[in-house]
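Engineer: Input work.tsv, format and content: TSV, C-alpha atoms and all ligand atoms.
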```
chain	number	residue	atom	x	y	z
A	1	MET	CA	112.34	140.26	55.30
A	2	THR	CA	115.97	140.04	54.10
A	3	ASP	CA	117.02	136.99	56.13
A	4	ASN	CA	116.27	134.08	53.76
A	5	SER	CA	117.33	131.39	56.22
A	6	ARG	CA	114.01	131.64	57.96
A	7	PRO	CA	110.55	131.80	56.61
A	8	ALA	CA	108.89	135.13	57.20
A	9	ARG	CA	106.86	134.95	60.35
A	10	PRO	CA	104.20	137.41	61.27
A	11	VAL	CA	104.69	136.58	64.92
A	12	ILE	CA	108.11	136.41	66.52
A	13	LEU	CA	109.17	134.55	69.64
A	14	GLY	CA	110.69	136.82	72.28
A	15	GLN	CA	112.55	136.00	75.50
A	16	ASN	CA	111.92	132.47	76.65
A	17	GLN	CA	113.18	130.17	79.36
A	18	TYR	CA	112.14	126.89	80.87
A	19	GLY	CA	113.04	124.44	83.59
A	20	LYS	CA	111.67	122.87	86.76
A	21	ALA	CA	110.75	125.38	89.44
A	22	GLU	CA	110.70	124.84	93.20
A	23	ASN	CA	112.54	121.56	93.64
A	24	ARG	CA	112.34	121.04	97.37
A	25	VAL	CA	115.51	119.17	98.18
A	26	VAL	CA	116.48	118.24	101.71
A	27	LYS	CA	119.95	116.81	102.30
A	28	ILE	CA	120.80	115.18	105.61
A	29	THR	CA	124.48	114.70	106.34
A	30	ARG	CA	125.02	112.16	109.10
A	31	ASP	CA	128.17	112.73	111.07
A	32	GLY	CA	127.67	109.91	113.56
A	33	ALA	CA	124.84	110.96	115.85
A	34	THR	CA	125.18	114.58	114.74
A	35	HIS	CA	123.06	115.36	111.73
A	36	HIS	CA	123.25	118.44	109.51
A	37	ILE	CA	120.42	119.69	107.31
A	38	LYS	CA	120.46	121.61	104.08
A	39	ASP	CA	116.95	122.51	102.99
A	40	LEU	CA	116.63	124.26	99.64
A	41	ASN	CA	113.99	125.32	97.16
A	42	VAL	CA	115.78	125.23	93.80
A	43	SER	CA	114.35	126.68	90.59
A	44	VAL	CA	116.03	126.04	87.26
A	45	ALA	CA	115.46	128.30	84.21
A	46	LEU	CA	117.33	127.48	80.98
A	47	SER	CA	117.59	129.54	77.79
A	48	GLY	CA	119.22	129.03	74.43
A	49	ASP	CA	118.36	127.73	71.00
A	50	MET	CA	114.76	127.03	71.72
A	51	GLU	CA	113.07	128.60	68.71
A	52	GLU	CA	112.13	125.29	67.10
A	53	VAL	CA	110.28	123.84	70.04
A	54	HIS	CA	108.13	126.95	70.10
A	55	TYR	CA	107.68	127.33	66.35
A	56	SER	CA	107.36	123.74	65.19
A	57	GLY	CA	107.24	121.62	68.31
A	58	SER	CA	110.57	119.88	67.64
A	59	ASN	CA	112.01	118.83	70.97
A	60	ALA	CA	115.47	118.10	69.55
A	61	ASN	CA	117.09	120.82	71.68
A	62	VAL	CA	114.97	120.31	74.77
A	63	LEU	CA	116.46	118.77	77.90
A	64	PRO	CA	113.26	117.82	79.78
A	65	THR	CA	112.37	119.85	82.86
A	66	ASP	CA	112.03	116.47	84.55
A	67	THR	CA	115.74	115.91	83.90
A	68	THR	CA	116.61	119.27	85.42
A	69	LYS	CA	114.70	118.15	88.53
A	70	ASN	CA	116.57	114.83	88.65
A	71	THR	CA	119.87	116.67	88.27
A	72	VAL	CA	119.13	118.79	91.34
A	73	PHE	CA	118.50	115.70	93.48
A	74	ALA	CA	121.38	113.69	92.03
A	75	PHE	CA	123.83	116.58	92.55
A	76	ALA	CA	122.74	116.84	96.18
A	77	LYS	CA	123.91	113.27	96.63
A	78	GLU	CA	126.96	113.27	94.36
A	79	TYR	CA	128.49	116.60	95.34
A	80	GLY	CA	126.68	117.53	98.54
A	81	ILE	CA	125.35	120.99	99.34
A	82	GLU	CA	128.14	123.05	100.80
A	83	SER	CA	126.27	126.30	100.29
A	84	ALA	CA	123.35	127.45	98.15
A	85	GLU	CA	125.77	129.51	96.06
A	86	GLN	CA	128.16	126.66	95.41
A	87	PHE	CA	125.27	124.31	94.60
A	88	GLY	CA	123.71	126.84	92.20
A	89	ILE	CA	127.02	127.53	90.46
A	90	HIS	CA	127.58	123.84	89.99
A	91	LEU	CA	124.13	123.29	88.50
A	92	ALA	CA	124.28	126.31	86.19
A	93	ARG	CA	127.69	125.31	84.88
A	94	HIS	CA	126.50	121.77	84.31
A	95	PHE	CA	123.53	122.75	82.14
A	96	VAL	CA	125.44	125.29	80.05
A	97	THR	CA	128.56	123.18	79.50
A	98	THR	CA	126.91	119.81	78.84
A	99	GLN	CA	124.01	120.90	76.62
A	100	GLU	CA	125.05	122.58	73.40
A	101	PRO	CA	121.73	124.36	72.76
A	102	ILE	CA	121.58	125.80	76.27
A	103	LYS	CA	123.33	129.15	76.36
A	104	SER	CA	122.38	130.35	79.80
A	105	ALA	CA	121.06	128.93	83.03
A	106	ARG	CA	119.52	130.81	85.90
A	107	ILE	CA	119.35	128.93	89.19
A	108	ARG	CA	117.34	130.54	91.96
A	109	ILE	CA	117.60	129.07	95.42
A	110	GLU	CA	115.79	129.80	98.64
A	111	GLU	CA	117.38	128.27	101.70
A	112	TYR	CA	115.42	127.49	104.85
A	113	ALA	CA	117.62	127.66	107.94
A	114	TRP	CA	117.30	125.27	110.88
A	115	GLU	CA	118.55	125.50	114.46
A	116	ARG	CA	119.12	122.61	116.81
A	117	ILE	CA	116.57	122.01	119.57
A	118	GLU	CA	118.36	122.08	122.91
A	119	ASN	CA	118.02	119.06	125.17
A	120	SER	CA	116.03	119.35	128.36
A	121	ASP	CA	118.14	119.11	131.53
A	122	ALA	CA	116.43	115.84	132.47
A	123	ASN	CA	117.19	114.29	129.13
A	124	SER	CA	120.77	115.56	129.16
A	125	ARG	CA	121.38	113.84	132.47
A	126	PHE	CA	119.76	110.70	131.21
A	127	ILE	CA	121.52	110.28	127.90
A	128	GLY	CA	124.47	112.63	128.08
A	129	ALA	CA	124.34	116.24	126.92
A	130	ASP	CA	125.55	115.55	123.42
A	131	GLU	CA	123.23	112.75	122.42
A	132	VAL	CA	120.23	114.37	120.76
A	133	LYS	CA	121.58	115.97	117.59
A	134	HIS	CA	118.92	115.19	115.07
A	135	SER	CA	116.18	117.62	116.12
A	136	PHE	CA	115.75	121.01	114.54
A	137	VAL	CA	113.46	124.02	114.63
A	138	ARG	CA	113.24	126.13	111.52
A	139	LYS	CA	114.64	129.63	111.94
A	140	GLY	CA	112.23	132.50	111.64
A	141	GLN	CA	109.76	133.29	114.35
A	142	GLU	CA	106.52	131.49	114.77
A	143	THR	CA	103.42	133.61	115.28
A	144	ARG	CA	102.22	133.84	118.85
A	145	VAL	CA	98.47	134.18	119.32
A	146	THR	CA	96.07	134.73	122.20
A	147	GLN	CA	92.35	135.09	122.79
A	148	ILE	CA	90.92	136.71	125.92
A	149	THR	CA	87.26	136.45	126.85
A	150	TYR	CA	85.74	138.32	129.83
A	151	ASP	CA	82.10	138.46	130.87
A	152	GLY	CA	82.59	140.94	133.72
A	153	GLU	CA	83.26	138.13	136.18
A	154	ARG	CA	85.30	135.40	134.64
A	155	TRP	CA	88.22	135.30	132.30
A	156	GLU	CA	89.14	132.74	129.74
A	157	VAL	CA	92.61	132.94	128.21
A	158	ILE	CA	93.61	130.68	125.35
A	159	SER	CA	97.08	131.27	123.96
A	160	GLY	CA	99.07	129.50	121.32
A	161	LEU	CA	101.35	129.59	118.38
A	162	LYS	CA	101.34	128.71	114.72
A	163	ASP	CA	103.94	128.11	112.02
A	164	LEU	CA	106.57	126.62	114.31
A	165	VAL	CA	108.35	124.22	111.95
A	166	VAL	CA	110.29	121.30	113.44
A	167	MET	CA	112.09	118.25	112.13
A	168	ASN	CA	113.66	115.07	113.48
A	169	SER	CA	116.04	113.55	110.97
A	170	THR	CA	115.86	110.16	112.71
A	171	ASN	CA	114.14	108.39	115.65
A	172	SER	CA	110.86	108.16	113.78
A	173	GLU	CA	109.18	105.00	112.50
A	174	PHE	CA	105.74	104.18	111.12
A	175	TRP	CA	104.68	100.56	110.68
A	176	GLY	CA	102.14	98.00	111.87
A	177	TYR	CA	99.24	100.02	110.47
A	178	VAL	CA	96.07	98.67	108.87
A	179	LYS	CA	96.49	97.57	105.26
A	180	ASP	CA	93.57	97.23	102.88
A	181	GLU	CA	93.38	96.82	99.09
A	182	TYR	CA	94.27	100.50	98.59
A	183	THR	CA	97.29	100.58	100.88
A	184	THR	CA	100.60	101.12	99.10
A	185	LEU	CA	102.57	102.88	101.84
A	186	GLN	CA	105.79	101.06	102.74
A	187	GLU	CA	106.54	100.56	106.40
A	188	ALA	CA	109.22	102.97	107.64
A	189	TYR	CA	111.80	102.11	110.27
A	190	ASP	CA	113.82	105.29	110.00
A	191	ARG	CA	112.05	108.28	108.50
A	192	ILE	CA	112.11	112.05	108.78
A	193	LEU	CA	109.40	113.44	111.02
A	194	ALA	CA	108.57	117.07	110.30
A	195	THR	CA	105.61	119.24	111.14
A	196	GLN	CA	104.45	122.84	111.30
A	197	VAL	CA	103.02	123.15	114.77
A	198	SER	CA	99.77	124.98	115.37
A	199	SER	CA	98.78	124.78	119.02
A	200	ARG	CA	96.45	126.45	121.51
A	201	TRP	CA	96.51	126.05	125.26
A	202	ARG	CA	93.94	127.14	127.83
A	203	PHE	CA	94.89	128.64	131.16
A	204	ASN	CA	92.93	127.57	134.25
A	205	TRP	CA	93.12	131.11	135.66
A	206	THR	CA	89.64	132.65	135.61
A	207	ASP	CA	89.29	135.35	138.29
A	208	ASP	CA	91.67	137.10	140.72
A	209	GLU	CA	93.87	139.35	138.57
A	210	GLN	CA	96.53	139.34	141.29
A	211	LYS	CA	96.94	135.62	140.69
A	212	ALA	CA	97.20	135.72	136.92
A	213	PRO	CA	100.05	133.67	135.43
A	214	HIS	CA	103.26	135.30	134.27
A	215	TRP	CA	102.28	135.31	130.60
A	216	GLU	CA	105.72	135.83	129.09
A	217	LYS	CA	107.40	133.19	131.16
A	218	SER	CA	104.55	130.78	130.57
A	219	TYR	CA	104.80	131.15	126.79
A	220	GLU	CA	108.53	130.64	126.80
A	221	GLN	CA	108.24	127.52	128.97
A	222	VAL	CA	105.37	125.98	126.99
A	223	ARG	CA	107.30	126.47	123.78
A	224	LYS	CA	110.37	124.91	125.36
A	225	HIS	CA	108.53	121.85	126.65
A	226	MET	CA	106.77	121.39	123.33
A	227	LEU	CA	110.06	121.47	121.42
A	228	GLN	CA	111.89	119.23	123.83
A	229	ALA	CA	109.11	116.65	123.83
A	230	PHE	CA	109.18	116.68	120.03
A	231	ALA	CA	112.97	116.22	120.03
A	232	GLU	CA	113.16	113.59	122.73
A	233	THR	CA	110.27	111.32	121.81
A	234	TYR	CA	111.32	108.25	119.86
A	235	SER	CA	108.31	108.36	117.58
A	236	LEU	CA	106.22	105.48	116.31
A	237	SER	CA	103.66	107.92	114.87
A	238	LEU	CA	103.04	111.65	114.79
A	239	GLN	CA	99.99	110.94	116.95
A	240	GLN	CA	102.26	109.55	119.68
A	241	THR	CA	104.59	112.55	119.41
A	242	LEU	CA	101.60	114.90	119.64
A	243	TYR	CA	100.43	113.24	122.84
A	244	GLN	CA	103.93	113.51	124.35
A	245	MET	CA	104.12	117.21	123.47
A	246	GLY	CA	100.81	117.89	125.18
A	247	ALA	CA	101.57	115.68	128.16
A	248	ARG	CA	104.90	117.40	128.73
A	249	ILE	CA	103.12	120.76	128.90
A	250	ILE	CA	100.33	119.55	131.20
A	251	ASN	CA	102.86	117.84	133.50
A	252	ASN	CA	105.16	120.85	133.74
A	253	ARG	CA	102.85	123.84	133.61
A	254	SER	CA	100.24	123.89	136.36
A	255	GLU	CA	98.61	127.01	134.89
A	256	ILE	CA	97.45	125.05	131.82
A	257	ASP	CA	94.68	122.44	131.75
A	258	GLU	CA	94.19	121.83	128.04
A	259	VAL	CA	96.35	121.87	124.91
A	260	ARG	CA	95.19	121.31	121.35
A	261	PHE	CA	97.43	120.59	118.38
A	262	SER	CA	96.99	120.62	114.65
A	263	LEU	CA	100.05	118.94	113.14
A	264	PRO	CA	100.47	118.56	109.39
A	265	ASN	CA	102.76	115.63	108.64
A	266	LYS	CA	105.23	117.28	106.27
A	267	HIS	CA	106.24	114.26	104.27
A	268	HIS	CA	109.83	113.80	103.10
A	269	PHE	CA	110.18	111.11	100.46
A	270	LEU	CA	113.51	109.46	99.73
A	271	VAL	CA	114.46	110.21	96.14
A	272	ASP	CA	115.20	107.16	93.96
A	273	LEU	CA	118.72	107.80	92.70
A	274	GLU	CA	119.29	104.23	91.42
A	275	PRO	CA	118.64	105.25	87.78
A	276	PHE	CA	121.72	107.48	88.05
A	277	GLY	CA	123.84	104.75	89.62
A	278	LEU	CA	123.71	106.46	93.01
A	279	LYS	CA	122.78	104.91	96.34
A	280	ASN	CA	120.52	107.05	98.48
A	281	ASP	CA	121.49	106.07	101.97
A	282	ASN	CA	118.77	108.14	103.72
A	283	GLU	CA	120.42	111.35	102.58
A	284	VAL	CA	118.44	113.08	99.83
A	285	TYR	CA	114.73	113.75	100.25
A	286	PHE	CA	111.96	115.41	98.31
A	287	ALA	CA	110.01	117.66	100.69
A	288	ALA	CA	106.41	117.39	99.50
A	289	ASP	CA	104.08	120.26	100.35
A	290	ARG	CA	100.74	118.57	99.64
A	291	PRO	CA	98.82	116.50	100.29
A	292	TYR	CA	99.83	116.09	103.90
A	293	GLY	CA	98.59	113.97	106.77
A	294	LEU	CA	96.84	116.16	109.32
A	295	ILE	CA	96.99	114.91	112.89
A	296	GLU	CA	94.90	116.80	115.44
A	297	ALA	CA	94.05	116.18	119.08
A	298	THR	CA	93.34	117.76	122.44
A	299	ILE	CA	95.36	116.76	125.51
A	300	LEU	CA	93.67	117.42	128.85
A	301	ARG	CA	94.52	117.43	132.51
A	302	ASP	CA	92.50	114.57	133.98
A	303	GLY	CA	89.10	115.79	135.19
A	304	CYS	CA	89.17	118.99	133.11
A	305	GLU	CA	86.70	119.90	130.43
A	306	ALA	CA	87.71	120.49	126.80
A	307	LYS	CA	86.90	124.06	125.78
A	308	ILE	CA	89.28	124.82	122.92
A	309	PRO	CA	87.28	124.58	119.68
A	310	VAL	CA	88.03	121.59	117.43
A	311	ASP	CA	88.65	123.97	114.55
A	312	MET	CA	90.91	126.46	116.23
A	313	THR	CA	92.18	128.18	113.10
A	314	ASN	CA	90.02	131.24	113.67
A	315	LEU	CA	91.04	131.51	117.27
B	401	LIG	O1	102.75	109.40	111.91
B	401	LIG	C1	101.94	109.03	111.04
B	401	LIG	N1	100.64	108.83	111.37
B	401	LIG	C2	99.71	108.41	110.47
B	401	LIG	O2	98.51	108.25	110.81
B	401	LIG	C3	100.15	108.21	109.15
B	401	LIG	N2	99.50	107.82	108.01
B	401	LIG	C4	100.43	107.79	107.01
B	401	LIG	O3	100.19	107.48	105.82
B	401	LIG	N3	101.65	108.15	107.49
B	401	LIG	C5	101.51	108.42	108.82
B	401	LIG	N4	102.37	108.83	109.77
```
Taking this structure as input, can you express it in the form of structure tokens?
Structural biologist:
Amino acid sequence: MTDNSRPARPVILGQNQYGKAENRVVKITRDGATHHIKDLNVSVALSGDMEEVHYSGSNANVLPTDTTKNTVFAFAKEYGIESAEQFGIHLARHFVTTQEPIKSARIRIEEYAWERIENSDANSRFIGADEVKHSFVRKGQETRVTQITYDGERWEVISGLKDLVVMNSTNSEFWGYVKDEYTTLQEAYDRILATQVSSRWRFNWTDDEQKAPHWEKSYEQVRKHMLQAFAETYSLSLQQTLYQMGARIINNRSEIDEVRFSLPNKHHFLVDLEPFGLKNDNEVYFAADRPYGLIEATILRDGCEAKIPVDMTNL
């Protein structure tokens, strides 16, 4: 080896990069009653003069991955998220220009798009068409499912959907619950309520094929009622919202006697930005993926029997 500045090494470090991957940042911008969501999955990968940390363990050039995570959340508050590109450019420039040892930054961002849930006509009349502007359904189709059983005489049709992701950016509270020596949860008077709906509903049609429901129309209407009930319920718990979603379907769709839901509570935790001198006024959230609360229940037309299996995931 001719380069005397370094000891000869039998094993050489090749390409390397580091940073915090998959920072799930949700930014709510509140324009009066109209809320806007930016929902990103941001991965930071930094490279530069990082030989020493690998060879000797000296961290002198290492900006912690934890700091890169904090920067993502703090930037969401300080500069907003105009677009994924703008946000990524801003982050990459920050790391390269403020940290001498860092020579390049790669920011990868996935953006999850959300659409507003339209008001029901009844609710529009009641509160004015423009009022509900904090309820969203994530873009990208849910999966529609159905199971048909026939014994030569009678039919049973159970239909449903899964992976329908919805969010209310306000009108959700959770308080007044039981507290024991292990309870640390703070009561919430204005929280995000988000879930990934999995639902199955059973039709009461069993025989005359001439009288079978209009399947396409039924699906479209059930989905609509489910979404509108989610959007229009002022929620004191996900359990209460679940019941309202089922009740709205049973009350509006005579062809359905039973609805079952499995609703993961997709928690959004407010990020503490105080250490960076920033006030988080219900704007920047960390979208946790696990663990999650799992709220499940069957809603029945009075007098009807429950037939949808408790564990409906294989259905
Ligand atoms: O809507 C909720 N229901 C719960 O049962 C529960 N439990 C919890 O910790 N958070 C929530 N939220």
Engineer: Please provide as a compact mmCIF listing (two decimals) with C-alpha atoms, in the frame of the given file all residues within 12 Å of stretch 256-258 of chain A, with the sequence filter that same-chain residues fewer than 2 positions apart are discarded (counting all atoms listed in the file).
Structural biologist:
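Saved the output as out16.txt:
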```txt
# COMPACT_ATOMS: atom_id res chain seq x y z
CA GLU A 156 89.14 132.74 129.74
CA VAL A 157 92.61 132.94 128.21
CA ILE A 158 93.61 130.68 125.35
CA SER A 159 97.08 131.27 123.96
CA GLY A 160 99.07 129.50 121.32
CA SER A 199 98.78 124.78 119.02
CA ARG A 200 96.45 126.45 121.51
CA TRP A 201 96.51 126.05 125.26
CA ARG A 202 93.94 127.14 127.83
CA PHE A 203 94.89 128.64 131.16
CA ASN A 204 92.93 127.57 134.25
CA TRP A 205 93.12 131.11 135.66
CA THR A 206 89.64 132.65 135.61
CA ALA A 212 97.20 135.72 136.92
CA PRO A 213 100.05 133.67 135.43
CA TRP A 215 102.28 135.31 130.60
CA SER A 218 104.55 130.78 130.57
CA TYR A 219 104.80 131.15 126.79
CA GLN A 221 108.24 127.52 128.97
CA VAL A 222 105.37 125.98 126.99
CA TYR A 243 100.43 113.24 122.84
CA MET A 245 104.12 117.21 123.47
CA GLY A 246 100.81 117.89 125.18
CA ALA A 247 101.57 115.68 128.16
CA ARG A 248 104.90 117.40 128.73
CA ILE A 249 103.12 120.76 128.90
CA ILE A 250 100.33 119.55 131.20
CA ASN A 251 102.86 117.84 133.50
CA ASN A 252 105.16 120.85 133.74
CA ARG A 253 102.85 123.84 133.61
CA SER A 254 100.24 123.89 136.36
CA ARG A 260 95.19 121.31 121.35
CA PHE A 261 97.43 120.59 118.38
CA ALA A 297 94.05 116.18 119.08
CA THR A 298 93.34 117.76 122.44
CA ILE A 299 95.36 116.76 125.51
CA LEU A 300 93.67 117.42 128.85
CA ARG A 301 94.52 117.43 132.51
CA ASP A 302 92.50 114.57 133.98
CA GLY A 303 89.10 115.79 135.19
CA CYS A 304 89.17 118.99 133.11
CA GLU A 305 86.70 119.90 130.43
CA ALA A 306 87.71 120.49 126.80
CA LYS A 307 86.90 124.06 125.78
CA ILE A 308 89.28 124.82 122.92
CA PRO A 309 87.28 124.58 119.68
```
Engineer: What residues of the protein or nucleic acid chains come within 12 Å of ligand LIG 401 (chain B) when you use only C-alpha atoms and all ligand atoms? Reply as a ChimeraX atom specification.
Structural biologist: /A:172-179,182-195,234-243,263-269,291-296
Engineer: Tell me, in Å to one decimal, how far atom CA of A:His225 is from atom CA of A:Leu315.
Structural biologist: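 Taking atom CA of A:His225 and atom CA of A:Leu315, their separation equals 22.1 Å.
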Engineer: Where's the centre, and what are the edge lengths in Å to one decimal, of a box along x, y and z enclosing all listed atoms of stretch 99-112 of chain A padded 5 Å per side, as JSON?
Structural biologist:
```
{"center_x": 120.2, "center_y": 125.9, "center_z": 88.8, "size_x": 19.6, "size_y": 19.9, "size_z": 42.1}
```
Engineer: Select all residues near (120.0, 107.2, 83.1) (cut-off 12 Å, inclusive, file coordinates), counting only C-alpha atoms, and output them as a list in words.
Structural biologist: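 I get Thr67, Asn70, Thr71, Ala74, Asp272, Leu273, Glu274, Pro275, Phe276, Gly277 and Leu278 of chain A for the residues within 12 Å of that point.
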Engineer: Counting only C-alpha atoms, what is within 7 Å of stretch 12-24 of chain A, bar same-chain residues fewer than 4 positions away, as number ranges by chain?
Structural biologist: A: 40-47, 65-66, 68-69, 286-287
Engineer: When you count all atoms listed in the file, which of these residues is closest to A:Thr146: A:Glu52, A:Glu232, A:Glu216, A:Glu255?
Structural biologist: A:Glu216
Engineer: If you measure from atom CA of A:Thr170 to atom CA of A:Gly80, what distance in Å do you get, rounded to one decimal?
Structural biologist: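 Taking atom CA of A:Thr170 as the start and atom CA of A:Gly80 as the end point, the length is 19.3 Å.
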Engineer: If you count all atoms listed in the file, which residues fall within 9 Å of stretch 137-139 of chain A, apart from same-chain ones fewer than 3 positions away, as a tab-separated table (two decimals) with C-alpha atoms, keeping the file's coordinate frame?
Structural biologist:
```tsv
chain	number	residue	atom	x	y	z
A	112	TYR	CA	115.42	127.49	104.85
A	113	ALA	CA	117.62	127.66	107.94
A	114	TRP	CA	117.30	125.27	110.88
A	115	GLU	CA	118.55	125.50	114.46
A	116	ARG	CA	119.12	122.61	116.81
A	117	ILE	CA	116.57	122.01	119.57
A	142	GLU	CA	106.52	131.49	114.77
A	164	LEU	CA	106.57	126.62	114.31
A	165	VAL	CA	108.35	124.22	111.95
A	166	VAL	CA	110.29	121.30	113.44
A	167	MET	CA	112.09	118.25	112.13
A	227	LEU	CA	110.06	121.47	121.42
```
Engineer: Hey, can you check how far atom CA of A:Lys162 sits from atom CA of A:Val197?
Structural biologist: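 Computing the Euclidean distance for atom CA of A:Lys162 and atom CA of A:Val197 yields 5.8 Å.
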